[in-house]
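Take a look at the structure below.
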Amino acid sequence: MDKKVFTKEMKDAGYQIAIPNMSPVHFNIMKRIFINHGFRPVLLENSSPTVIQEGLRYVHNDMCYPCLLVIGQIIDAINRGIVDKDHCAVIISQTGGGCRASNYYFLLMKALERAGLGNIPVISANLQGMNSNPGFQISFSMLVQAFTALVYGDLIMLLSNQVRPYEINKGDTDRVIDKWTVILGDCYEKNRGYFWGNMKKKLNEISDDFAAIPVKRTPKVKVGVVGEIYMKYSRLGNSDLQGFLEKEDCEVMLPPMMGFVLYCFSNGIKDEEYYGGRMKYAFLMKHIGMPILSIVEKWSEEAVLRHPEFNRAASFKELEEYGERFIDRGCKMGEGWLLTAEMVELIEKGYGNIVCTQPFGCLPNHICGKGMIRPLKEAYPDSNIVPIDYDPSATKVNQENRIKLMLAVAKEKLEEEK
């Protein structure tokens, strides 16, 4: 199978780049970064049943469910004409770790070839220099902007989820999200006003804007969502779980994406401690990378604490401590120990009603998610955790009915507390 390369000429010719939309808040901010660096991104929102059908047609059905969805969505978008099949490329992340997500890149190329779309270049988004394309180079400026977009996106997601269920004027929260998506996009276009000193200022301003939204805070069931990273955030992956929970009159808490980034960096440090090797990488991460990221993490936390009605996310140090109560940090395939730590965090923060999204074919998720429910229930008897399986054969009705059973227990307890 010949690799089709995304060239500089394709970039200059304005080839579209199809991007599966994992998290609307984060990716709509990052979209402007692509545009400002001369690319034409198209965030994919298509979610009809043909997405799964295309995934099953071109990917082995033993692969994990997120793989089926992502590849199926890309091929479905091309077939529907959402992107021009003769003038487009597709992009997919490649971690380079032990998770099968590292193979999505090759599986996508094979699927496109089988679908008669082998002329479409596949871009690998990674920081290890794997499968490079001359037309897509991640510059330092682009990397810094993407990092800050992640931080801003986390704060916006965290605060909007704590305001939307209580807003008096429906739509106020989404209007603030749109406002800051535009503001941050303009900063990226000018390449100034979004980092370091300006970043701390903007994080505070974002917090102030959400705090200014008129709300009526009545007691609601608080639900946390954990799981494999794509399933946790993607509306396509989890059948718009957050939308369903909000319709059931719940407040939803999603752990920040930055926790996963810090988790990946810390794994390199733990590898050196356990197995040796890569001393230089571990040193840089431990003494330069992690301290810098911790400073930004602290700014975000301070922005949240400006207003007592908001719950902050746990710091990464706290997550490490939460996880170590139940699982060794050497358990780090996929979401690994972080998944367990996020469940502990949610329980500690008052979001003890937890939906654990279990995608088919994700062994680490079943071990560190479903497999840890029993010890968590023993430590936190009042926790209310339900694992929900997501796979091509699972129906949305069945998934929602299982969640409703969990919510029935939660609502009964809320009434008792009232």
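Letters for chains follow the order of the structure tokens (A, B, ...), residue numbers begin at 1 for each chain, and ligand numbers begin at 1 in the order shown.
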9 Å contact set for stretch 41-56 of chain A, only C-alpha atoms, chain neighbours under 4 positions out, as a tab-separated table (two decimals) with N, CA and C atoms, in the first residue's frame:
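Resulting contents of selection_28.tsv:
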chain	number	residue	atom	x	y	z
A	15	TYR	N	-6.31	22.65	-0.09
A	15	TYR	CA	-6.95	21.37	0.19
A	15	TYR	C	-7.63	21.40	1.57
A	16	GLN	N	-8.83	20.88	1.63
A	16	GLN	CA	-9.52	20.78	2.92
A	16	GLN	C	-8.89	19.67	3.76
A	17	ILE	N	-8.95	19.84	5.08
A	17	ILE	CA	-8.47	18.80	5.99
A	17	ILE	C	-9.63	18.40	6.89
A	18	ALA	N	-10.09	17.16	6.74
A	18	ALA	CA	-11.21	16.65	7.53
A	18	ALA	C	-10.72	16.25	8.92
A	19	ILE	N	-11.40	16.77	9.95
A	19	ILE	CA	-11.00	16.52	11.34
A	19	ILE	C	-12.20	16.00	12.13
A	20	PRO	N	-12.12	14.76	12.65
A	20	PRO	CA	-13.20	14.29	13.53
A	20	PRO	C	-13.28	15.18	14.77
A	21	ASN	N	-14.50	15.62	15.10
A	21	ASN	CA	-14.68	16.58	16.20
A	21	ASN	C	-14.91	15.83	17.51
A	27	PHE	N	-12.24	21.89	20.13
A	27	PHE	CA	-11.90	21.82	18.71
A	27	PHE	C	-12.35	23.04	17.93
A	28	ASN	N	-13.43	23.70	18.37
A	28	ASN	CA	-13.83	24.93	17.68
A	28	ASN	C	-12.83	26.05	17.92
A	31	LYS	N	-9.73	25.07	15.77
A	31	LYS	CA	-9.99	25.24	14.33
A	31	LYS	C	-9.37	26.53	13.81
A	32	ARG	N	-9.46	27.59	14.62
A	32	ARG	CA	-8.88	28.88	14.19
A	32	ARG	C	-7.36	28.80	14.08
A	34	PHE	N	-5.62	26.22	13.02
A	34	PHE	CA	-5.37	25.63	11.71
A	34	PHE	C	-5.53	26.68	10.61
A	35	ILE	N	-6.63	27.45	10.70
A	35	ILE	CA	-6.89	28.46	9.67
A	35	ILE	C	-5.77	29.50	9.64
A	60	HIS	N	-11.94	-3.98	10.61
A	60	HIS	CA	-12.25	-5.27	11.21
A	60	HIS	C	-13.10	-5.07	12.46
A	61	ASN	N	-14.16	-5.87	12.60
A	61	ASN	CA	-15.11	-5.64	13.70
A	61	ASN	C	-14.55	-6.00	15.07
A	67	CYS	N	-12.32	3.53	17.01
A	67	CYS	CA	-11.69	3.39	15.70
A	67	CYS	C	-12.75	3.25	14.60
A	68	LEU	N	-13.76	2.41	14.85
A	68	LEU	CA	-14.85	2.24	13.90
A	68	LEU	C	-15.56	3.57	13.63
A	69	LEU	N	-15.79	4.33	14.70
A	69	LEU	CA	-16.52	5.59	14.57
A	69	LEU	C	-15.73	6.64	13.80
A	70	VAL	N	-14.48	6.82	14.18
A	70	VAL	CA	-13.66	7.86	13.56
A	70	VAL	C	-13.47	7.58	12.07
A	71	ILE	N	-13.09	6.37	11.74
A	71	ILE	CA	-12.86	6.03	10.33
A	71	ILE	C	-14.18	6.03	9.57
A	72	GLY	N	-15.23	5.51	10.19
A	72	GLY	CA	-16.54	5.53	9.54
A	72	GLY	C	-17.03	6.94	9.29
A	73	GLN	N	-16.80	7.85	10.24
A	73	GLN	CA	-17.23	9.24	10.07
A	73	GLN	C	-16.48	9.92	8.93
A	74	ILE	N	-15.19	9.65	8.83
A	74	ILE	CA	-14.38	10.25	7.77
A	74	ILE	C	-14.85	9.78	6.40
A	75	ILE	N	-15.02	8.47	6.23
A	75	ILE	CA	-15.44	7.94	4.92
A	75	ILE	C	-16.86	8.39	4.59
A	76	ASP	N	-17.74	8.42	5.60
A	76	ASP	CA	-19.11	8.89	5.38
A	76	ASP	C	-19.13	10.35	4.95
A	77	ALA	N	-18.28	11.18	5.55
A	77	ALA	CA	-18.21	12.60	5.20
A	77	ALA	C	-17.74	12.78	3.76
A	82	ILE	N	-19.23	16.24	2.09
A	82	ILE	CA	-18.93	17.26	3.10
A	82	ILE	C	-17.55	17.85	2.85
A	83	VAL	N	-16.65	17.03	2.35
A	83	VAL	CA	-15.35	17.50	1.87
A	83	VAL	C	-15.18	17.01	0.44
A	111	ALA	N	-8.37	1.56	5.05
A	111	ALA	CA	-9.81	1.71	4.81
A	111	ALA	C	-10.07	2.59	3.59
A	235	ARG	N	-19.70	13.54	21.21
A	235	ARG	CA	-21.15	13.33	21.11
A	235	ARG	C	-21.47	12.13	20.23
A	236	LEU	N	-20.71	11.96	19.17
A	236	LEU	CA	-20.90	10.81	18.30
A	236	LEU	C	-20.60	9.52	19.06
A	392	PRO	N	-21.10	-1.26	18.25
A	392	PRO	CA	-22.00	-1.15	17.09
A	392	PRO	C	-23.38	-1.77	17.31
Pull the strand (DSSP E or B) assignments for stretch 168-261 of chain A out of DSSP run on the backbone, and list those residues as an MDAnalysis selection string. chainID A and resid 215 221:227 250:253
What's around A:Leu319 at 10 Å? Count only C-alpha atoms, leave out sequence neighbours fewer than 3 positions away in its own chain, and write the answer as an mmCIF file with N, CA and C atoms, in the first residue's frame.
data_model
loop_
_atom_site.group_PDB
_atom_site.id
_atom_site.type_symbol
_atom_site.label_atom_id
_atom_site.label_comp_id
_atom_site.auth_asym_id
_atom_site.auth_seq_id
_atom_site.Cartn_x
_atom_site.Cartn_y
_atom_site.Cartn_z
ATOM 1 N N GLY A 259 -5.590 17.058 32.022
ATOM 2 C CA GLY A 259 -5.198 15.953 32.886
ATOM 3 C C GLY A 259 -4.609 14.807 32.094
ATOM 4 N N TYR A 263 -0.864 13.416 32.281
ATOM 5 C CA TYR A 263 -0.745 11.974 32.512
ATOM 6 C C TYR A 263 0.251 11.350 31.527
ATOM 7 N N ALA A 313 -11.441 21.946 39.112
ATOM 8 C CA ALA A 313 -10.956 20.600 38.796
ATOM 9 C C ALA A 313 -9.775 20.279 39.698
ATOM 10 N N ALA A 314 -9.546 19.011 39.944
ATOM 11 C CA ALA A 314 -8.406 18.614 40.773
ATOM 12 C C ALA A 314 -7.102 18.921 40.053
ATOM 13 N N SER A 315 -6.077 19.286 40.802
ATOM 14 C CA SER A 315 -4.749 19.449 40.209
ATOM 15 C C SER A 315 -4.208 18.069 39.855
ATOM 16 N N PHE A 316 -3.188 18.043 38.999
ATOM 17 C CA PHE A 316 -2.638 16.744 38.604
ATOM 18 C C PHE A 316 -2.001 16.036 39.796
ATOM 19 N N TYR A 322 -5.047 10.588 44.342
ATOM 20 C CA TYR A 322 -6.306 9.846 44.277
ATOM 21 C C TYR A 322 -6.081 8.462 43.681
ATOM 22 N N GLY A 323 -5.335 8.413 42.578
ATOM 23 C CA GLY A 323 -5.114 7.147 41.898
ATOM 24 C C GLY A 323 -4.317 6.166 42.729
ATOM 25 N N GLU A 324 -3.303 6.673 43.420
ATOM 26 C CA GLU A 324 -2.408 5.792 44.180
ATOM 27 C C GLU A 324 -3.101 5.113 45.361
ATOM 28 N N TRP A 337 -4.321 4.402 35.000
ATOM 29 C CA TRP A 337 -4.658 4.821 36.369
ATOM 30 C C TRP A 337 -5.419 6.135 36.405
ATOM 31 N N LEU A 338 -5.284 6.950 35.352
ATOM 32 C CA LEU A 338 -5.978 8.242 35.332
ATOM 33 C C LEU A 338 -7.490 8.048 35.387
ATOM 34 N N LEU A 339 -7.985 7.008 34.745
ATOM 35 C CA LEU A 339 -9.420 6.742 34.740
ATOM 36 C C LEU A 339 -9.930 6.480 36.156
ATOM 37 N N THR A 340 -9.200 5.673 36.897
ATOM 38 C CA THR A 340 -9.566 5.421 38.293
ATOM 39 C C THR A 340 -9.480 6.704 39.115
ATOM 40 N N ALA A 341 -8.396 7.465 38.913
ATOM 41 C CA ALA A 341 -8.201 8.710 39.669
ATOM 42 C C ALA A 341 -9.322 9.703 39.397
ATOM 43 N N GLU A 342 -9.797 9.780 38.142
ATOM 44 C CA GLU A 342 -10.871 10.718 37.812
ATOM 45 C C GLU A 342 -12.174 10.327 38.503
ATOM 46 N N MET A 343 -12.419 9.027 38.658
ATOM 47 C CA MET A 343 -13.622 8.613 39.380
ATOM 48 C C MET A 343 -13.530 9.009 40.851
ATOM 49 N N VAL A 344 -12.345 8.842 41.437
ATOM 50 C CA VAL A 344 -12.155 9.245 42.833
ATOM 51 C C VAL A 344 -12.363 10.748 42.964
ATOM 52 N N GLU A 345 -11.797 11.517 42.029
ATOM 53 C CA GLU A 345 -11.959 12.977 42.069
ATOM 54 C C GLU A 345 -13.427 13.373 42.035
#
Taking 3 positions as the minimum chain separation for residues in the same chain, which residues sit within 9 Å of A:Lys232 when counting only C-alpha atoms? Answer as a list of chain:residue names. A:Met22, A:Val225, A:Val226, A:Gly227, A:Glu228, A:Ile229, A:Arg235, A:Gly237, A:Asn238, A:Leu241, A:Leu254, A:Cys356, A:Thr357
Residues near A:Gln137, cut-off 12 Å, only C-alpha atoms, skip fewer than 6 positions along chain, as number ranges by chain: A: 6-8, 11, 34, 37-39, 123-131, 143
Backbone-only DSSP, alpha helix (DSSP H) members of stretch 133-307 of chain A, as a PyMOL selection string: chain A and resi 140-163+172-190+197-211+229-233+241-247+258-275+279-284+290-305
Go ahead and write the selection's residues with C-alpha atoms as a compact mmCIF listing (two decimals), in the first residue's frame.
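The resulting file, again_3.txt, is reproduced below:
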# COMPACT_ATOMS: atom_id res chain seq x y z
CA PHE A 140 6.55 25.96 17.77
CA SER A 141 3.98 28.75 17.43
CA MET A 142 1.28 26.24 16.45
CA LEU A 143 2.22 23.98 19.36
CA VAL A 144 2.02 26.81 21.91
CA GLN A 145 -1.34 27.95 20.53
CA ALA A 146 -2.73 24.40 20.65
CA PHE A 147 -1.57 24.03 24.25
CA THR A 148 -3.23 27.29 25.31
CA ALA A 149 -6.40 26.35 23.41
CA LEU A 150 -6.52 23.19 25.49
CA VAL A 151 -6.26 25.20 28.73
CA TYR A 152 -8.88 27.74 27.65
CA GLY A 153 -11.15 24.97 26.37
CA ASP A 154 -10.93 23.11 29.68
CA LEU A 155 -11.91 26.19 31.68
CA ILE A 156 -14.78 27.07 29.33
CA MET A 157 -16.06 23.48 29.41
CA LEU A 158 -15.77 23.27 33.21
CA LEU A 159 -17.60 26.54 33.91
CA SER A 160 -20.23 26.24 31.19
CA ASN A 161 -21.25 22.83 32.53
CA GLN A 162 -21.75 24.36 35.98
CA VAL A 163 -23.83 27.27 34.67
CA ASP A 172 -26.72 32.71 27.78
CA THR A 173 -24.04 30.10 28.47
CA ASP A 174 -23.61 29.17 24.82
CA ARG A 175 -23.37 32.83 23.88
CA VAL A 176 -20.45 33.27 26.29
CA ILE A 177 -18.78 30.19 24.76
CA ASP A 178 -19.21 31.68 21.28
CA LYS A 179 -17.89 35.05 22.48
CA TRP A 180 -14.66 33.57 23.81
CA THR A 181 -14.20 31.28 20.82
CA VAL A 182 -14.11 34.42 18.66
CA ILE A 183 -11.88 36.39 21.06
CA LEU A 184 -9.31 33.60 21.32
CA GLY A 185 -9.41 33.00 17.58
CA ASP A 186 -8.60 36.67 16.96
CA CYS A 187 -5.69 36.44 19.42
CA TYR A 188 -4.29 33.44 17.55
CA GLU A 189 -4.68 35.22 14.23
CA LYS A 190 -2.63 38.16 15.54
CA GLY A 197 0.68 37.19 31.48
CA ASN A 198 -2.18 37.68 29.04
CA MET A 199 -3.28 34.12 29.62
CA LYS A 200 -3.75 34.58 33.35
CA LYS A 201 -5.78 37.72 32.67
CA LYS A 202 -7.99 36.02 30.11
CA LEU A 203 -8.64 33.01 32.33
CA ASN A 204 -9.90 35.38 35.02
CA GLU A 205 -12.07 37.24 32.50
CA ILE A 206 -13.60 33.97 31.27
CA SER A 207 -14.46 33.02 34.85
CA ASP A 208 -16.00 36.45 35.48
CA ASP A 209 -18.14 36.22 32.34
CA PHE A 210 -19.63 32.86 33.33
CA ALA A 211 -20.18 34.06 36.89
CA ILE A 229 -10.90 9.83 25.99
CA TYR A 230 -12.85 9.85 22.71
CA MET A 231 -15.95 8.26 24.24
CA LYS A 232 -15.85 10.64 27.18
CA TYR A 233 -16.02 13.83 25.13
CA LEU A 241 -24.54 11.65 26.71
CA GLN A 242 -24.19 15.15 28.12
CA GLY A 243 -27.23 16.38 26.20
CA PHE A 244 -29.27 13.44 27.52
CA LEU A 245 -28.17 14.03 31.12
CA GLU A 246 -28.99 17.75 30.92
CA LYS A 247 -32.46 16.90 29.58
CA MET A 258 -5.17 18.76 30.34
CA GLY A 259 -5.20 15.95 32.89
CA PHE A 260 -4.65 13.45 30.07
CA VAL A 261 -1.76 15.51 28.66
CA LEU A 262 -0.06 15.68 32.06
CA TYR A 263 -0.75 11.97 32.51
CA CYS A 264 1.07 11.21 29.24
CA PHE A 265 4.06 13.33 30.26
CA SER A 266 4.23 11.82 33.73
CA ASN A 267 4.21 8.32 32.26
CA GLY A 268 7.62 9.02 30.72
CA ILE A 269 8.96 9.93 34.15
CA LYS A 270 7.46 6.80 35.67
CA ASP A 271 8.93 4.64 32.87
CA GLU A 272 12.42 5.90 33.66
CA GLU A 273 11.84 5.25 37.35
CA TYR A 274 10.56 1.71 36.81
CA TYR A 275 12.54 0.51 33.81
CA MET A 279 16.80 9.73 31.29
CA LYS A 280 17.08 12.95 29.30
CA TYR A 281 13.35 12.96 28.46
CA ALA A 282 12.40 12.16 32.06
CA PHE A 283 14.68 14.93 33.36
CA LEU A 284 13.22 17.54 30.98
CA MET A 290 5.74 19.54 34.33
CA PRO A 291 6.61 22.66 36.42
CA ILE A 292 5.61 24.97 33.54
CA LEU A 293 2.37 23.09 32.98
CA SER A 294 1.69 23.21 36.72
CA ILE A 295 1.96 27.01 36.70
CA VAL A 296 -0.69 27.30 33.99
CA GLU A 297 -2.81 24.72 35.80
CA LYS A 298 -2.60 26.88 38.93
CA TRP A 299 -3.74 29.97 37.03
CA SER A 300 -6.80 28.11 35.78
CA GLU A 301 -7.57 26.93 39.29
CA GLU A 302 -7.26 30.47 40.67
CA ALA A 303 -9.63 31.73 37.97
CA VAL A 304 -12.28 29.23 39.07
CA LEU A 305 -11.83 30.06 42.76
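Here atom CA of A:Val215 is placed at a distance of 14.9 Å from atom CA of A:Cys250.
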Please indicate the distance in Å from atom CA of A:Pro364 to atom CA of A:Cys64, rounded to one decimal place.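 Atom CA of A:Pro364 sits 11.3 Å away from atom CA of A:Cys64.
Atom CA of A:Ile354 is positioned 6.3 Å from atom CA of A:Val386.
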Near-A:Asp391 list (8 Å; only C-alpha atoms; drop same-chain fewer than 3 positions) as a PyMOL selection string: chain A and resi 65+359-360+394
How would the residues just picked look written out with N, CA and C atoms as an mmCIF file, in the first residue's frame?
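Result written to part.cif:
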data_model
loop_
_atom_site.group_PDB
_atom_site.id
_atom_site.type_symbol
_atom_site.label_atom_id
_atom_site.label_comp_id
_atom_site.auth_asym_id
_atom_site.auth_seq_id
_atom_site.Cartn_x
_atom_site.Cartn_y
_atom_site.Cartn_z
ATOM 1 N N TYR A 65 -14.197 0.383 19.401
ATOM 2 C CA TYR A 65 -15.323 1.152 18.882
ATOM 3 C C TYR A 65 -14.943 2.567 18.425
ATOM 4 N N PRO A 359 -16.077 1.631 25.798
ATOM 5 C CA PRO A 359 -16.120 1.296 24.372
ATOM 6 C C PRO A 359 -15.697 -0.144 24.116
ATOM 7 N N PHE A 360 -16.327 -0.779 23.178
ATOM 8 C CA PHE A 360 -15.962 -2.140 22.819
ATOM 9 C C PHE A 360 -14.486 -2.204 22.409
ATOM 10 N N ALA A 394 -24.992 -1.956 20.319
ATOM 11 C CA ALA A 394 -25.710 -1.375 21.457
ATOM 12 C C ALA A 394 -26.695 -0.317 20.978
#
Counting only C-alpha atoms, figure out which residue out of A:Ile388, A:Val221, A:Val409, A:Ile367 gets nearest to A:Tyr351. A:Val221
With only C-alpha atoms as the counted atoms, please give the residues lying no more than 8 Å from A:Lys85, apart from itself and same-chain residues fewer than 5 positions off, as a list in words.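 My list of contacting residues is Ile78, Asn79, Leu117 and Ile120 of chain A.
Among A:Ser393, A:Arg278, A:Lys220, A:Cys99, the residue with the shortest atom-to-atom distance to A:Glu412, counting only C-alpha atoms, is A:Lys220.
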Restricting the calculation to only C-alpha atoms, which member of A:Asn119, A:Asn401, A:Asn191, A:Asn384 is positioned closest to A:Val5? A:Asn119
